[in-house]
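What follows is one structure encoded as structure tokens, with my remarks underneath.
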Amino acid sequence: RSGARKVVITDINPTRLELARKVGIDHVVDASKQNLTDVMKAIGMTEGFDVGLEMSGAAPAFRDMIDKMNNGGKIAILGIAPAGFEIDWNKVIFKMLNLKGIYGREMFETWYK
């Protein structure tokens, strides 16, 4: 198999959710109104996600992503978490998750655009 089986985006911003619908995201989830576990069951997901992009920097969203990842999953961390943010490293280690921070020469020039 190649390509994504299920593409799911979560957000709480109506504008970004609508943009996701317009570009053809399979499953657009308003995280302030829907539980991701329920969504996963409804779309027939029996395993977690293989790839996650955490862009909010919100500690609860990142922890939830870790919980919803498949063993060996990859998470790109693009959001800036608050100081003192803690995660359960046991979950990261025993799920064999690969966490990667962002980088790029234009990152700070385009951050707020």
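Lettering and numbering for the structure tokens are positional, with chains as A, B, ... in the shown order, residues counted from 1 in each chain, and ligands counted from 1 in the shown order.
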As a PDB file with N, CA and C atoms, in the first residue's frame, please: every residue in chain A that DSSP puts in strand (DSSP E or B).
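Result written to out-v8.pdb:
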ATOM      1  N   VAL A   8      -7.070  12.700   8.743  1.00  0.00           N
ATOM      2  CA  VAL A   8      -7.927  13.325   9.745  1.00  0.00           C
ATOM      3  C   VAL A   8      -7.240  14.596  10.221  1.00  0.00           C
ATOM      4  N   ILE A   9      -7.989  15.683  10.272  1.00  0.00           N
ATOM      5  CA  ILE A   9      -7.450  16.927  10.824  1.00  0.00           C
ATOM      6  C   ILE A   9      -8.332  17.340  11.988  1.00  0.00           C
ATOM      7  N   THR A  10      -7.692  17.807  13.051  1.00  0.00           N
ATOM      8  CA  THR A  10      -8.434  18.353  14.183  1.00  0.00           C
ATOM      9  C   THR A  10      -8.015  19.798  14.382  1.00  0.00           C
ATOM     10  N   ASP A  11      -8.965  20.609  14.753  1.00  0.00           N
ATOM     11  CA  ASP A  11      -8.705  22.013  15.055  1.00  0.00           C
ATOM     12  C   ASP A  11      -9.918  22.518  15.817  1.00  0.00           C
ATOM     13  N   HIS A  27     -11.506  13.634   6.787  1.00  0.00           N
ATOM     14  CA  HIS A  27     -12.267  13.741   8.032  1.00  0.00           C
ATOM     15  C   HIS A  27     -11.811  14.987   8.786  1.00  0.00           C
ATOM     16  N   VAL A  28     -12.699  15.960   8.884  1.00  0.00           N
ATOM     17  CA  VAL A  28     -12.410  17.235   9.539  1.00  0.00           C
ATOM     18  C   VAL A  28     -13.131  17.229  10.883  1.00  0.00           C
ATOM     19  N   VAL A  29     -12.365  17.381  11.968  1.00  0.00           N
ATOM     20  CA  VAL A  29     -12.896  17.213  13.317  1.00  0.00           C
ATOM     21  C   VAL A  29     -12.719  18.496  14.119  1.00  0.00           C
ATOM     22  N   ASP A  30     -13.824  19.020  14.630  1.00  0.00           N
ATOM     23  CA  ASP A  30     -13.769  20.152  15.554  1.00  0.00           C
ATOM     24  C   ASP A  30     -13.502  19.570  16.943  1.00  0.00           C
ATOM     25  N   PHE A  49      -2.789   6.324  14.533  1.00  0.00           N
ATOM     26  CA  PHE A  49      -2.253   7.047  13.382  1.00  0.00           C
ATOM     27  C   PHE A  49      -0.780   6.714  13.184  1.00  0.00           C
ATOM     28  N   ASP A  50      -0.351   6.662  11.940  1.00  0.00           N
ATOM     29  CA  ASP A  50       1.057   6.415  11.619  1.00  0.00           C
ATOM     30  C   ASP A  50       1.864   7.704  11.625  1.00  0.00           C
ATOM     31  N   VAL A  51       1.232   8.808  11.254  1.00  0.00           N
ATOM     32  CA  VAL A  51       1.909  10.103  11.157  1.00  0.00           C
ATOM     33  C   VAL A  51       1.026  11.157  11.811  1.00  0.00           C
ATOM     34  N   GLY A  52       1.641  12.022  12.594  1.00  0.00           N
ATOM     35  CA  GLY A  52       0.919  13.125  13.214  1.00  0.00           C
ATOM     36  C   GLY A  52       1.709  14.409  13.086  1.00  0.00           C
ATOM     37  N   LEU A  53       1.013  15.502  12.851  1.00  0.00           N
ATOM     38  CA  LEU A  53       1.630  16.828  12.795  1.00  0.00           C
ATOM     39  C   LEU A  53       0.998  17.667  13.898  1.00  0.00           C
ATOM     40  N   GLU A  54       1.751  17.979  14.939  1.00  0.00           N
ATOM     41  CA  GLU A  54       1.213  18.759  16.048  1.00  0.00           C
ATOM     42  C   GLU A  54       1.595  20.212  15.825  1.00  0.00           C
ATOM     43  N   MET A  69      -1.494   7.517  18.611  1.00  0.00           N
ATOM     44  CA  MET A  69      -0.527   7.068  17.607  1.00  0.00           C
ATOM     45  C   MET A  69      -0.381   5.551  17.615  1.00  0.00           C
ATOM     46  N   ASN A  70      -0.092   5.016  16.439  1.00  0.00           N
ATOM     47  CA  ASN A  70       0.211   3.604  16.264  1.00  0.00           C
ATOM     48  C   ASN A  70       1.644   3.358  16.727  1.00  0.00           C
ATOM     49  N   ASN A  71       1.965   2.124  17.085  1.00  0.00           N
ATOM     50  CA  ASN A  71       3.341   1.782  17.427  1.00  0.00           C
ATOM     51  C   ASN A  71       4.252   2.120  16.255  1.00  0.00           C
ATOM     52  N   GLY A  72       5.374   2.770  16.554  1.00  0.00           N
ATOM     53  CA  GLY A  72       6.307   3.160  15.508  1.00  0.00           C
ATOM     54  C   GLY A  72       5.903   4.414  14.761  1.00  0.00           C
ATOM     55  N   GLY A  73       4.880   5.102  15.237  1.00  0.00           N
ATOM     56  CA  GLY A  73       4.399   6.306  14.563  1.00  0.00           C
ATOM     57  C   GLY A  73       5.394   7.450  14.622  1.00  0.00           C
ATOM     58  N   LYS A  74       5.192   8.394  13.724  1.00  0.00           N
ATOM     59  CA  LYS A  74       6.074   9.556  13.621  1.00  0.00           C
ATOM     60  C   LYS A  74       5.268  10.824  13.883  1.00  0.00           C
ATOM     61  N   ILE A  75       5.796  11.678  14.755  1.00  0.00           N
ATOM     62  CA  ILE A  75       5.147  12.947  15.066  1.00  0.00           C
ATOM     63  C   ILE A  75       6.108  14.083  14.742  1.00  0.00           C
ATOM     64  N   ALA A  76       5.655  15.017  13.912  1.00  0.00           N
ATOM     65  CA  ALA A  76       6.400  16.248  13.659  1.00  0.00           C
ATOM     66  C   ALA A  76       5.835  17.311  14.592  1.00  0.00           C
ATOM     67  N   ILE A  77       6.709  17.937  15.360  1.00  0.00           N
ATOM     68  CA  ILE A  77       6.284  18.928  16.342  1.00  0.00           C
ATOM     69  C   ILE A  77       6.540  20.315  15.762  1.00  0.00           C
ATOM     70  N   ASN A  98       8.577   8.258  17.074  1.00  0.00           N
ATOM     71  CA  ASN A  98       9.672   9.085  16.571  1.00  0.00           C
ATOM     72  C   ASN A  98       9.182  10.529  16.581  1.00  0.00           C
ATOM     73  N   LEU A  99       9.762  11.363  17.446  1.00  0.00           N
ATOM     74  CA  LEU A  99       9.388  12.768  17.551  1.00  0.00           C
ATOM     75  C   LEU A  99      10.441  13.610  16.855  1.00  0.00           C
ATOM     76  N   LYS A 100       9.988  14.551  16.046  1.00  0.00           N
ATOM     77  CA  LYS A 100      10.934  15.397  15.317  1.00  0.00           C
ATOM     78  C   LYS A 100      10.470  16.843  15.381  1.00  0.00           C
ATOM     79  N   GLY A 101      11.379  17.721  15.758  1.00  0.00           N
ATOM     80  CA  GLY A 101      11.086  19.150  15.773  1.00  0.00           C
ATOM     81  C   GLY A 101      11.222  19.731  14.377  1.00  0.00           C
TER      82      GLY A 101
END
(request) Identify, on the basis of only C-alpha atoms, every residue whose closest approach to A:Lys91 does not exceed 9 Å; exclude the query and any residue fewer than 6 positions from it along the same chain; express the result as a PyMOL selection string. (result) chain A and resi 66-67+97
Write out the residues from the selection above, keeping C-alpha atoms, as a CSV table (one decimal), in the first residue's frame.
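File out-v9.csv, as written:
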chain,number,residue,atom,x,y,z
A,66,ILE,CA,0.6,10.5,21.6
A,67,ASP,CA,-2.3,8.4,22.9
A,97,LEU,CA,7.4,6.9,18.6
(request) Give me every alpha helix (DSSP H) residue in stretch 3-82 of chain A, going by DSSP on the backbone, as number ranges by chain. (result) A: 14-22, 36-42, 59-68
(message) Just checking: using only C-alpha atoms, which residue out of A:Asn90, A:Ser56, A:Asn35, A:Thr46 ends up closest to A:Asn13?
(response) A:Ser56
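The closest residue to A:Ala81, picked from A:Pro60, A:Lys95, A:Thr37, A:Leu17 and counting only C-alpha atoms, is A:Pro60.
Atom CA of A:Val39 is found 19.7 Å from atom CA of A:Lys22.
Ranking A:Ala61, A:Met40, A:Ile93, A:Met45 by their shortest atom-to-atom distance to A:Ile12, with only C-alpha atoms included, puts A:Ala61 first.
The space separating atom CA of A:Phe62 from atom CA of A:Pro82 comes to 11.5 Å.
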